[in-house]
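Just query09.cif here, mmCIF, C-alpha atoms:
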data_query
loop_
_atom_site.label_atom_id
_atom_site.label_comp_id
_atom_site.auth_asym_id
_atom_site.auth_seq_id
_atom_site.Cartn_x
_atom_site.Cartn_y
_atom_site.Cartn_z
CA MET A 1 18.29 56.67 112.60
CA LYS A 2 18.92 54.14 109.82
CA THR A 3 18.48 56.88 107.23
CA ILE A 4 21.06 59.09 108.99
CA HIS A 5 23.61 56.26 109.03
CA THR A 6 23.03 55.59 105.34
CA PHE A 7 23.50 59.26 104.47
CA ALA A 8 26.68 59.36 106.56
CA ALA A 9 28.04 56.29 104.77
CA VAL A 10 27.36 57.81 101.35
CA LEU A 11 28.98 61.08 102.41
CA THR A 12 32.03 59.20 103.74
CA CYS A 13 32.40 57.27 100.47
CA THR A 14 32.08 60.49 98.47
CA LEU A 15 34.77 62.21 100.53
CA PHE A 16 36.97 59.12 100.27
CA PHE A 17 36.80 59.03 96.50
CA SER A 18 37.28 62.81 96.31
CA LEU A 19 40.42 62.57 98.38
CA LYS A 20 41.55 59.55 96.42
CA ALA A 21 41.36 61.41 93.10
CA GLN A 22 44.90 62.40 92.21
CA TYR A 23 44.52 64.33 88.95
CA ALA A 24 43.03 67.56 87.63
CA VAL A 25 42.40 68.94 84.14
CA HIS A 26 43.09 72.58 83.28
CA PRO A 27 42.71 74.55 80.05
CA VAL A 28 46.19 75.36 78.74
CA ASP A 29 45.55 79.12 78.76
CA ALA A 30 44.22 78.94 82.34
CA ALA A 31 46.59 76.39 83.88
CA PRO A 32 48.10 77.19 87.34
CA ALA A 33 51.24 79.26 87.17
CA LYS A 34 53.18 77.01 89.54
CA THR A 35 52.97 73.30 88.88
CA THR A 36 55.10 70.57 90.36
CA GLU A 37 53.94 67.71 88.14
CA LYS A 38 54.34 67.25 84.44
CA GLY A 39 51.16 66.88 82.49
CA LEU A 40 49.61 65.20 79.49
CA PHE A 41 47.90 67.27 76.82
CA TYR A 42 44.87 66.59 74.69
CA SER A 43 42.56 68.59 72.46
CA LEU A 44 38.90 68.67 71.65
CA PRO A 45 37.87 68.78 67.99
CA GLN A 46 36.62 71.60 65.85
CA ASN A 47 34.62 70.96 62.70
CA GLY A 48 35.05 72.10 59.14
CA PHE A 49 33.46 71.26 55.82
CA GLU A 50 34.86 69.48 52.81
CA ILE A 51 32.76 70.41 49.78
CA ARG A 52 33.21 68.19 46.73
CA LEU A 53 31.91 69.42 43.39
CA THR A 54 31.63 67.28 40.27
CA ILE A 55 31.33 69.35 37.10
CA GLU A 56 30.39 67.75 33.79
CA GLU A 57 32.07 69.31 30.77
CA THR A 58 30.42 68.72 27.39
CA CYS A 59 32.39 69.57 24.24
CA LEU A 60 30.51 69.79 20.92
CA GLU A 61 32.88 69.69 17.92
CA ARG A 62 31.63 70.13 14.38
CA GLY A 63 32.64 67.66 11.69
CA ILE A 64 34.70 68.63 8.67
CA TYR A 65 31.69 67.87 6.43
CA SER A 66 29.00 69.35 8.70
CA ASP A 67 27.80 71.68 5.93
CA TYR A 68 26.89 68.68 3.74
CA ALA A 69 25.25 66.43 6.36
CA GLU A 70 21.70 67.56 5.58
CA GLN A 71 22.21 67.60 1.81
CA MET A 72 23.91 64.22 1.36
CA LEU A 73 22.73 62.09 4.31
CA LYS A 74 19.65 63.91 5.65
CA LEU A 75 21.26 64.20 9.09
CA SER A 76 21.40 67.08 11.56
CA ALA A 77 24.90 68.24 12.45
CA ILE A 78 26.77 70.44 14.91
CA LYS A 79 27.37 73.76 13.20
CA GLU A 80 29.98 75.26 15.56
CA ASN A 81 32.28 74.19 18.37
CA THR A 82 30.73 74.70 21.80
CA THR A 83 31.72 73.90 25.40
CA MET A 84 29.08 73.65 28.14
CA TYR A 85 29.26 72.94 31.87
CA ARG A 86 26.78 71.73 34.45
CA ILE A 87 26.95 70.80 38.14
CA LYS A 88 26.50 67.05 38.27
CA GLU A 89 26.98 66.34 41.98
CA VAL A 90 27.56 68.21 45.25
CA ARG A 91 28.65 66.55 48.49
CA ILE A 92 29.20 68.01 51.97
CA ARG A 93 31.49 66.14 54.34
CA ASN A 94 31.91 67.08 58.01
CA THR A 95 35.60 67.02 58.97
CA ALA A 96 37.26 67.24 62.38
CA TYR A 97 40.68 68.41 63.51
CA PRO A 98 42.13 69.71 66.81
CA ASP A 99 40.89 73.02 68.14
CA PRO A 100 43.90 75.07 69.33
CA GLU A 101 41.66 77.11 71.63
CA ARG A 102 40.45 74.00 73.46
CA THR A 103 43.62 72.24 74.50
CA PHE A 104 43.86 70.87 78.03
CA CYS A 105 46.55 69.69 80.40
CA VAL A 106 46.08 66.69 82.71
CA GLN A 107 48.22 66.90 85.87
CA GLY A 108 48.51 64.77 88.95
CA ASN A 109 50.24 61.84 90.59
CA ARG A 110 47.79 59.25 89.27
CA ILE A 111 46.92 60.27 85.69
CA PRO A 112 44.54 57.79 84.07
CA SER A 113 45.26 56.21 80.71
CA LEU A 114 44.24 58.35 77.73
CA SER A 115 43.31 57.25 74.22
CA LEU A 116 44.05 59.92 71.61
CA SER A 117 43.70 60.13 67.87
CA LYS A 118 46.68 60.76 65.61
CA ASP A 119 45.96 64.48 65.84
CA GLY A 120 45.81 64.48 69.65
CA ILE A 121 42.01 64.53 69.98
CA LEU A 122 40.74 62.76 73.08
CA LYS A 123 38.77 59.59 72.30
CA GLY A 124 38.45 58.11 75.77
CA VAL A 125 39.82 57.56 79.26
CA ASN A 126 40.60 54.13 80.78
CA LEU A 127 39.60 52.29 77.61
CA PRO A 128 40.59 48.62 77.15
CA PHE A 129 43.41 47.93 74.74
CA GLU A 130 41.16 46.33 72.12
CA THR A 131 38.99 49.46 71.99
CA ALA A 132 41.82 52.01 72.10
CA TRP A 133 43.75 50.22 69.34
CA PRO A 134 41.29 48.20 67.24
CA GLN A 135 42.80 45.72 64.83
CA LYS A 136 41.43 45.97 61.32
CA LYS A 137 40.77 42.61 59.73
CA ALA A 138 40.48 42.37 55.99
CA ARG A 139 37.36 40.61 54.81
CA PRO A 140 38.00 37.66 52.51
CA ASP A 141 35.39 38.92 50.07
CA ALA A 142 36.67 42.48 50.00
CA HIS A 143 38.00 43.74 46.71
CA PRO A 144 39.85 47.03 46.26
CA ALA A 145 37.70 49.62 44.59
CA ALA A 146 38.85 50.90 41.27
CA ALA A 147 40.43 54.33 41.45
CA PRO A 148 38.24 57.03 39.92
CA VAL A 149 39.49 58.67 36.79
CA ALA A 150 40.35 62.30 37.49
CA ASP A 151 39.29 63.70 34.16
CA GLY A 152 36.61 61.14 33.30
CA THR A 153 36.20 59.13 30.12
CA PRO A 154 34.75 60.70 26.97
CA ASP A 155 31.42 59.21 25.97
CA SER A 156 32.32 59.38 22.29
CA GLU A 157 35.49 59.46 20.25
CA LEU A 158 37.18 62.71 19.45
CA LEU A 159 36.94 64.28 16.03
CA PRO A 160 38.95 62.12 13.63
CA ASP A 161 41.80 63.75 11.77
CA VAL A 162 41.25 63.04 8.08
CA SER A 163 44.68 64.42 7.22
CA GLY A 164 46.46 61.76 9.27
CA SER A 165 46.32 58.00 9.62
CA PHE A 166 42.51 58.01 9.81
CA VAL A 167 42.10 58.56 6.03
CA PRO A 168 39.84 55.65 4.97
CA VAL A 169 41.10 55.51 1.37
CA ALA A 170 44.43 56.55 -0.08
CA ASP A 171 43.00 58.96 -2.68
CA LEU A 172 40.37 60.58 -0.44
CA ASN A 173 41.33 64.17 -1.14
CA ILE A 174 43.38 63.96 -4.37
CA ARG A 175 42.51 63.33 -8.02
CA ALA A 176 44.93 61.91 -10.60
CA ARG A 177 44.76 63.39 -14.10
CA PHE A 178 46.81 63.02 -17.28
CA ASP A 179 47.66 65.88 -19.61
CA THR A 180 48.59 65.21 -23.24
CA VAL A 181 51.72 67.06 -24.31
CA VAL A 182 52.41 67.27 -28.08
CA SER A 183 56.07 67.51 -29.02
CA GLN A 184 57.17 68.42 -32.59
CA ARG A 185 60.71 68.07 -33.87
CA GLN A 186 62.04 68.87 -37.37
CA VAL A 187 64.81 66.56 -38.60
CA ASP A 188 65.94 67.56 -42.11
CA SER A 189 62.81 67.23 -44.16
CA VAL A 190 60.99 64.93 -41.68
CA LEU A 191 58.54 66.30 -39.10
CA ILE A 192 58.32 64.12 -35.97
CA ILE A 193 55.24 64.56 -33.80
CA GLU A 194 55.10 62.80 -30.34
CA LYS A 195 52.17 62.72 -27.93
CA ILE A 196 53.27 62.29 -24.30
CA LEU A 197 50.89 61.63 -21.33
CA ARG A 198 52.09 63.63 -18.33
CA PRO A 199 50.39 62.81 -14.98
CA ARG A 200 49.09 65.66 -12.82
CA VAL A 201 47.59 65.50 -9.32
CA ASP A 202 44.82 67.88 -8.26
CA GLU A 203 43.27 68.27 -4.85
CA LYS A 204 39.58 67.47 -4.62
CA SER A 205 37.18 70.08 -3.38
CA LEU A 206 35.55 69.69 0.05
CA SER A 207 32.21 68.79 -1.53
CA GLU A 208 33.84 66.03 -3.60
CA GLN A 209 35.51 64.62 -0.50
CA ALA A 210 32.19 64.69 1.34
CA ARG A 211 30.48 62.89 -1.54
CA LYS A 212 33.18 60.22 -1.51
CA MET A 213 32.72 59.58 2.22
CA ALA A 214 28.92 59.65 1.92
CA ASP A 215 29.16 56.92 -0.74
CA LEU A 216 31.31 54.88 1.62
CA ILE A 217 28.68 55.21 4.38
CA LEU A 218 25.91 54.07 2.03
CA LYS A 219 28.04 51.15 0.90
CA ILE A 220 28.70 50.11 4.52
CA ARG A 221 24.98 50.21 5.26
CA SER A 222 24.34 47.98 2.27
CA GLU A 223 26.95 45.48 3.46
CA LYS A 224 25.40 45.46 6.94
CA ALA A 225 22.00 44.68 5.44
CA ASN A 226 23.49 41.82 3.41
CA LEU A 227 24.99 40.32 6.56
CA LEU A 228 21.67 40.53 8.39
CA TYR A 229 19.66 39.03 5.53
CA GLY A 230 22.22 36.28 4.79
CA LEU A 231 23.00 37.49 1.28
CA GLN A 232 26.75 37.05 1.61
CA GLU A 233 28.40 34.64 -0.81
CA VAL A 234 30.18 32.56 1.84
CA PRO A 235 28.30 30.94 4.78
CA TYR A 236 30.42 32.43 7.56
CA PRO A 237 30.17 31.09 11.16
CA ALA A 238 28.05 33.06 13.65
CA GLY A 239 31.09 34.47 15.46
CA THR A 240 32.63 35.67 12.23
CA LEU A 241 29.41 37.34 11.16
CA GLU A 242 29.16 39.15 14.49
CA PHE A 243 32.77 40.34 14.25
CA MET A 244 32.28 41.59 10.69
CA TYR A 245 29.08 43.41 11.64
CA ARG A 246 30.79 45.15 14.59
CA GLN A 247 33.65 46.27 12.36
CA LEU A 248 31.22 47.73 9.83
CA GLU A 249 29.36 49.55 12.61
CA SER A 250 32.62 50.99 13.96
CA ASN A 251 33.66 52.26 10.53
CA GLU A 252 30.23 53.73 9.89
CA ARG A 253 30.26 55.56 13.24
CA ARG A 254 33.66 57.10 12.53
CA TYR A 255 32.64 58.25 9.06
CA LEU A 256 29.35 59.67 10.35
CA ASN A 257 31.26 61.73 12.93
CA CYS A 258 32.84 63.62 10.05
CA PHE A 259 29.34 64.80 9.07
CA THR A 260 27.42 65.08 12.36
CA GLY A 261 30.32 66.08 14.64
CA THR A 262 31.24 64.59 18.01
CA VAL A 263 30.03 65.02 21.59
CA GLY A 264 32.70 64.51 24.26
CA LYS A 265 32.00 64.47 27.98
CA LYS A 266 34.30 64.41 30.98
CA GLU A 267 34.03 65.05 34.70
CA ILE A 268 36.01 67.68 36.59
CA ARG A 269 36.22 67.19 40.36
CA ARG A 270 37.13 70.02 42.74
CA THR A 271 37.31 70.08 46.54
CA PHE A 272 36.96 73.14 48.79
CA PHE A 273 37.64 73.36 52.53
CA ILE A 274 35.81 75.79 54.81
CA THR A 275 36.24 76.30 58.56
CA PRO A 276 33.32 78.16 60.18
CA GLN A 277 34.19 81.43 61.88
CA ALA A 278 32.38 82.88 64.87
CA GLY A 279 29.11 84.55 63.91
CA GLN A 280 29.42 83.91 60.16
CA LYS A 281 26.60 81.90 58.58
CA GLU A 282 27.36 82.26 54.83
CA TYR A 283 30.58 81.37 53.02
CA PRO A 284 31.24 81.93 49.28
CA ILE A 285 32.76 78.87 47.61
CA ALA A 286 33.33 79.61 43.91
CA LEU A 287 31.79 81.10 40.77
CA PHE A 288 30.05 78.85 38.27
CA SER A 289 28.47 79.44 34.86
CA ALA A 290 27.35 77.14 32.07
CA GLU A 291 29.64 78.94 29.61
CA TYR A 292 32.89 79.20 31.61
CA GLY A 293 32.59 76.47 34.23
CA LEU A 294 34.02 76.77 37.73
CA GLU A 295 36.16 79.76 38.74
CA GLU A 296 37.85 80.27 42.09
CA ILE A 297 37.36 83.43 44.13
CA GLU A 298 40.72 85.14 44.36
CA GLU A 299 40.04 87.78 47.02
CA ALA A 300 37.43 87.87 49.74
CA GLY A 301 34.59 90.27 49.02
CA LEU A 302 35.53 90.87 45.35
CA TYR A 303 33.00 88.67 43.57
CA PRO A 304 29.61 89.15 41.88
CA THR A 305 26.40 88.13 43.58
CA GLU A 306 25.16 86.14 40.58
CA ASP A 307 26.48 82.71 39.59
CA LEU A 308 27.91 82.28 43.09
CA LEU A 309 28.02 79.01 45.01
CA VAL A 310 27.43 79.72 48.69
CA LEU A 311 27.55 77.53 51.81
CA GLN A 312 24.75 78.57 54.17
CA LEU A 313 24.52 77.39 57.80
CA THR A 314 21.17 77.34 59.62
CA PRO A 315 21.15 76.65 63.41
CA LEU A 316 19.05 73.76 64.71
CA PRO A 317 17.63 73.44 68.27
CA PHE A 318 20.45 73.42 70.83
CA ALA A 319 20.49 72.62 74.56
CA GLY A 320 24.01 73.77 75.34
CA GLU A 321 22.97 77.14 76.82
CA GLN A 322 20.74 75.48 79.41
CA ALA A 323 23.61 73.18 80.45
CA VAL A 324 25.93 76.15 80.94
CA ASP A 325 23.32 78.09 82.92
CA PHE A 326 22.69 75.08 85.15
CA GLN A 327 26.39 74.56 85.76
CA ALA A 328 26.91 78.23 86.61
CA SER A 329 24.17 78.04 89.24
CA GLN A 330 25.91 75.14 91.02
CA LYS A 331 28.87 75.38 93.35
CA THR A 332 31.82 73.60 91.77
CA SER A 333 35.22 72.81 93.19
CA ALA A 334 38.38 74.42 91.88
CA ALA A 335 39.72 71.16 90.40
CA SER A 336 37.81 69.85 87.42
CA GLY A 337 37.82 66.62 85.47
CA PHE A 338 38.01 65.97 81.76
CA TYR A 339 36.23 68.37 79.44
CA TYR A 340 33.76 67.41 76.73
CA LEU A 341 31.62 69.29 74.20
CA ILE A 342 27.96 69.76 73.52
CA PRO A 343 28.43 70.45 69.79
CA ARG A 344 26.20 72.79 67.84
CA ARG A 345 24.14 71.04 65.21
CA MET A 346 23.56 72.97 61.98
CA ARG A 347 21.86 72.51 58.65
CA ALA A 348 24.35 73.11 55.84
CA GLY A 349 23.09 73.92 52.36
CA ILE A 350 24.79 74.73 49.06
CA ARG A 351 22.86 77.51 47.29
CA TYR A 352 23.21 78.68 43.70
CA ASN A 353 21.16 81.53 42.18
CA GLY A 354 18.33 81.11 44.66
CA SER A 355 18.08 77.31 44.47
CA GLU A 356 19.44 74.76 46.95
CA LEU A 357 21.63 72.08 45.38
CA GLU A 358 22.44 69.97 48.46
CA THR A 359 21.63 69.93 52.19
CA SER A 360 23.08 68.01 55.10
CA GLU A 361 22.98 68.08 58.90
CA VAL A 362 26.44 68.78 60.29
CA PHE A 363 28.21 69.55 63.58
CA VAL A 364 30.09 72.73 64.42
CA ALA A 365 31.88 71.75 67.60
CA GLN A 366 33.62 75.12 68.08
CA TRP A 367 30.21 76.82 68.27
CA GLY A 368 29.09 74.46 71.02
CA GLU A 369 29.63 74.52 74.77
CA CYS A 370 32.60 73.05 76.64
CA LEU A 371 31.77 71.48 80.04
CA PRO A 372 33.88 69.63 82.65
CA LEU A 373 33.16 66.18 84.04
CA PRO A 374 33.52 65.32 87.74
CA ILE A 375 36.77 63.71 88.86
CA ARG A 376 36.43 59.95 89.29
CA ASP A 377 39.21 57.41 89.67
CA ASN A 378 39.05 54.28 87.48
CA TYR A 379 36.10 55.66 85.58
CA ARG A 380 35.64 55.11 81.88
CA ILE A 381 34.99 58.06 79.57
CA ILE A 382 34.22 57.75 75.87
CA LEU A 383 34.09 60.81 73.60
CA ASP A 384 33.17 61.09 69.95
CA PRO A 385 36.40 62.25 68.23
CA ARG A 386 34.33 63.76 65.39
CA ASN A 387 32.59 66.39 67.55
CA GLY A 388 33.78 65.93 71.16
CA SER A 389 30.38 64.87 72.51
CA LEU A 390 30.13 62.55 75.52
CA LEU A 391 29.19 58.96 74.65
CA TYR A 392 29.79 57.20 77.99
CA PHE A 393 30.77 58.16 81.53
CA GLY A 394 30.74 55.51 84.24
CA ALA A 395 32.41 52.53 85.81
CA PRO A 396 33.83 49.85 83.47
CA GLN A 397 31.30 47.14 82.72
CA GLU A 398 32.00 43.58 81.74
CA ASN A 399 29.49 43.62 78.88
CA GLY A 400 29.12 47.39 78.58
CA PRO A 401 29.60 49.62 75.58
CA THR A 402 33.35 48.95 75.45
CA GLY A 403 33.86 46.30 78.11
CA THR A 404 35.26 42.85 77.37
CA LYS A 405 34.65 39.52 79.03
CA THR A 406 38.35 39.13 79.85
CA GLU A 407 38.55 42.42 81.70
CA LYS A 408 38.17 40.89 85.16
CA THR A 409 41.03 38.51 84.55
CA ARG A 410 43.38 41.37 83.72
CA LYS A 411 42.73 43.23 86.99
#

Please go through the file and, once you have read it, give me the structure as structure tokens.
Amino acid sequence: MKTIHTFAAVLTCTLFFSLKAQYAVHPVDAAPAKTTEKGLFYSLPQNGFEIRLTIEETCLERGIYSDYAEQMLKLSAIKENTTMYRIKEVRIRNTAYPDPERTFCVQGNRIPSLSLSKDGILKGVNLPFETAWPQKKARPDAHPAAAPVADGTPDSELLPDVSGSFVPVADLNIRARFDTVVSQRQVDSVLIIEKILRPRVDEKSLSEQARKMADLILKIRSEKANLLYGLQEVPYPAGTLEFMYRQLESNERRYLNCFTGTVGKKEIRRTFFITPQAGQKEYPIALFSAEYGLEEIEEAGLYPTEDLLVLQLTPLPFAGEQAVDFQASQKTSAASGFYYLIPRRMRAGIRYNGSELETSEVFVAQWGECLPLPIRDNYRIILDPRNGSLLYFGAPQENGPTGTKTEKTRK
């Protein structure tokens, strides 16, 4: 008899709370035709992928005296200008934004408080103010990160222009000569002979210019050795010696670049956005080659199969189908509560010519299952705005996942 009374009490409480519930949630495309109350709208998220590629560009530029590097300085040199590319880094970031096909309307006389993101994605129901609108506090030890350079910084200096202000000596490529001009004049019976020196400037050949700069390099090396061995005439202080040595090294490096050539490197960053479509597991991103770098795909389907960067999605174990089958086997009332998602978890990989450059586990919420929650007044619901999954469903707790100690005083 006691068991019957207990069951009756539980049934009475269940009916009381069911009658007390004064709201219902409908999908926008399946909402009742005739409604007397205005509603609130929210969306569940869908997932996309932000693919960030970092390409390293290497430029090899020959020096103006590259043909004489082996002969005069016994150094190897760059013989021709070349540009090469390589994929330095690949990153996959899971993004979330509202799904227009999963937008819902909340109607009723007693609509609970909703916490939405800026895009209208549901984050929770009946959340405390501190959780719905968290205040960001700046840490005293936080320092703003330096902004990345878009094009990168070259690892070495560019090829110096010897025809401009870089010319190390004034007469690097010219030679001053003097021609003797004999002038004869006859005045009566006197013959006057004059010898006049007329200056003439000739341009030096490329080999002579190279020899001049090679001599400068050898002279700088000798001066560096004198500084290291203490053979200078004046006992300079240590700081002065260090400064002089650094200046000699800088000049030597610039002159050597004219023989060996220069190697310049910079980073090129590109970002691609992909939204998964139903039933499609592979998505072409761009074309890449070591000779030409990164090239965008202009039209879908018109691209070669080689040198192609592809995003490939591989399904992981998923329990959403069992949840849908179980729900379909149960008798549910016409009015439903808030909807949530069981997102589909996938393995995303970036493939290039048969090799995998990067892998990551991601969510594809739009490929998951959408399920309703039972209607409960004054119940707290917490959803993950990144994928719409259910994090908490239950009565507010003082020290629960989002409860606060001052919650009882506010009631």

For Ser360 of chain A, list every protein, DNA or RNA residue within 10 Å, evaluated using only C-alpha atoms, and leave out those in the same chain fewer than 6 positions away; present the list as a ChimeraX atom specification. /A:91-94,313,346-350

Correct to one decimal, the distance atom CA of Ser336 of chain A-atom CA of Ser117 of chain A is 22.6 Å

Within 9 Å of Gln46 of chain A, counting all atoms listed in the file, which residues qualify if same-chain residues fewer than 6 places away don't, as a ChimeraX atom specification? /A:95-100,102,275,363-367,386-388

Take the selection from the previous step and output its residues with C-alpha atoms, as a PDB file, keeping the file's coordinate frame.
ATOM      1  CA  THR A  95      35.600  67.020  58.970  1.00  0.00           C
ATOM      2  CA  ALA A  96      37.260  67.240  62.380  1.00  0.00           C
ATOM      3  CA  TYR A  97      40.680  68.410  63.510  1.00  0.00           C
ATOM      4  CA  PRO A  98      42.130  69.710  66.810  1.00  0.00           C
ATOM      5  CA  ASP A  99      40.890  73.020  68.140  1.00  0.00           C
ATOM      6  CA  PRO A 100      43.900  75.070  69.330  1.00  0.00           C
ATOM      7  CA  ARG A 102      40.450  74.000  73.460  1.00  0.00           C
ATOM      8  CA  THR A 275      36.240  76.300  58.560  1.00  0.00           C
ATOM      9  CA  PHE A 363      28.210  69.550  63.580  1.00  0.00           C
ATOM     10  CA  VAL A 364      30.090  72.730  64.420  1.00  0.00           C
ATOM     11  CA  ALA A 365      31.880  71.750  67.600  1.00  0.00           C
ATOM     12  CA  GLN A 366      33.620  75.120  68.080  1.00  0.00           C
ATOM     13  CA  TRP A 367      30.210  76.820  68.270  1.00  0.00           C
ATOM     14  CA  ARG A 386      34.330  63.760  65.390  1.00  0.00           C
ATOM     15  CA  ASN A 387      32.590  66.390  67.550  1.00  0.00           C
ATOM     16  CA  GLY A 388      33.780  65.930  71.160  1.00  0.00           C
TER      17      GLY A 388
END

Open item on the list: Take the PyMOL selection byres ((chain A and resi 381) around 8), run it mentally on this structure, and tell me the resulting residues as number ranges by chain.
Closed with: A: 124-127, 379-380, 382-383, 390-394

One decimal place gives the atom CA of Leu341 of chain A-atom CA of Glu50 of chain A separation as 21.6 Å

re atom CA of Tyr255 of chain A and atom CA of Gln232 of chain A: distance 23.2 Å

One residue among A:Ser115, A:Ser76, A:Asn81, A:Gln184 is nearest to Tyr42 of chain A when using all atoms listed in the file, and that residue is A:Ser115

If you count all atoms listed in the file, the residue of A:Leu316, A:Gln327, A:Asp307, A:Pro372 closest to Tyr292 of chain A turns out to be A:Asp307

*Is there a way to get, as a ChimeraX atom specification, all residues within 12 Å of the point (18.1, 69.5, 69.7) in file coordinates, counting all atoms listed in the file?*
/A:315-322,342-346,361,363

Neighbouring residues of Gly261 of chain A were defined as those with any atom within 12 Å, considering all atoms listed in the file; residues of the same chain fewer than 5 positions away were excluded. Please report them as a list in words. Cys59, Leu60, Glu61, Arg62, Gly63, Ile64, Tyr65, Ser66, Asp67, Tyr68, Ala69, Leu75, Ser76, Ala77, Ile78, Lys79, Glu80, Asn81, Thr82, Ser156, Glu157, Leu158, Leu159, Pro160, Arg253, Arg254, Tyr255 and Leu256 of chain A

Nearest to Lys123 of chain A, restricted to only C-alpha atoms and choosing among A:Val362, A:Leu241, A:Leu44, A:Val106, comes out as A:Leu44

List the neighbours of segment 352-358 of chain A out to 7 Å using all atoms listed in the file; skip same-chain residues closer than 3 positions along the sequence, and give me the result as a CSV table (one decimal) with C-alpha atoms, keeping the file's coordinate frame.
chain,number,residue,atom,x,y,z
A,90,VAL,CA,27.6,68.2,45.2
A,306,GLU,CA,25.2,86.1,40.6
A,307,ASP,CA,26.5,82.7,39.6
A,308,LEU,CA,27.9,82.3,43.1
A,309,LEU,CA,28.0,79.0,45.0
A,310,VAL,CA,27.4,79.7,48.7
A,349,GLY,CA,23.1,73.9,52.4
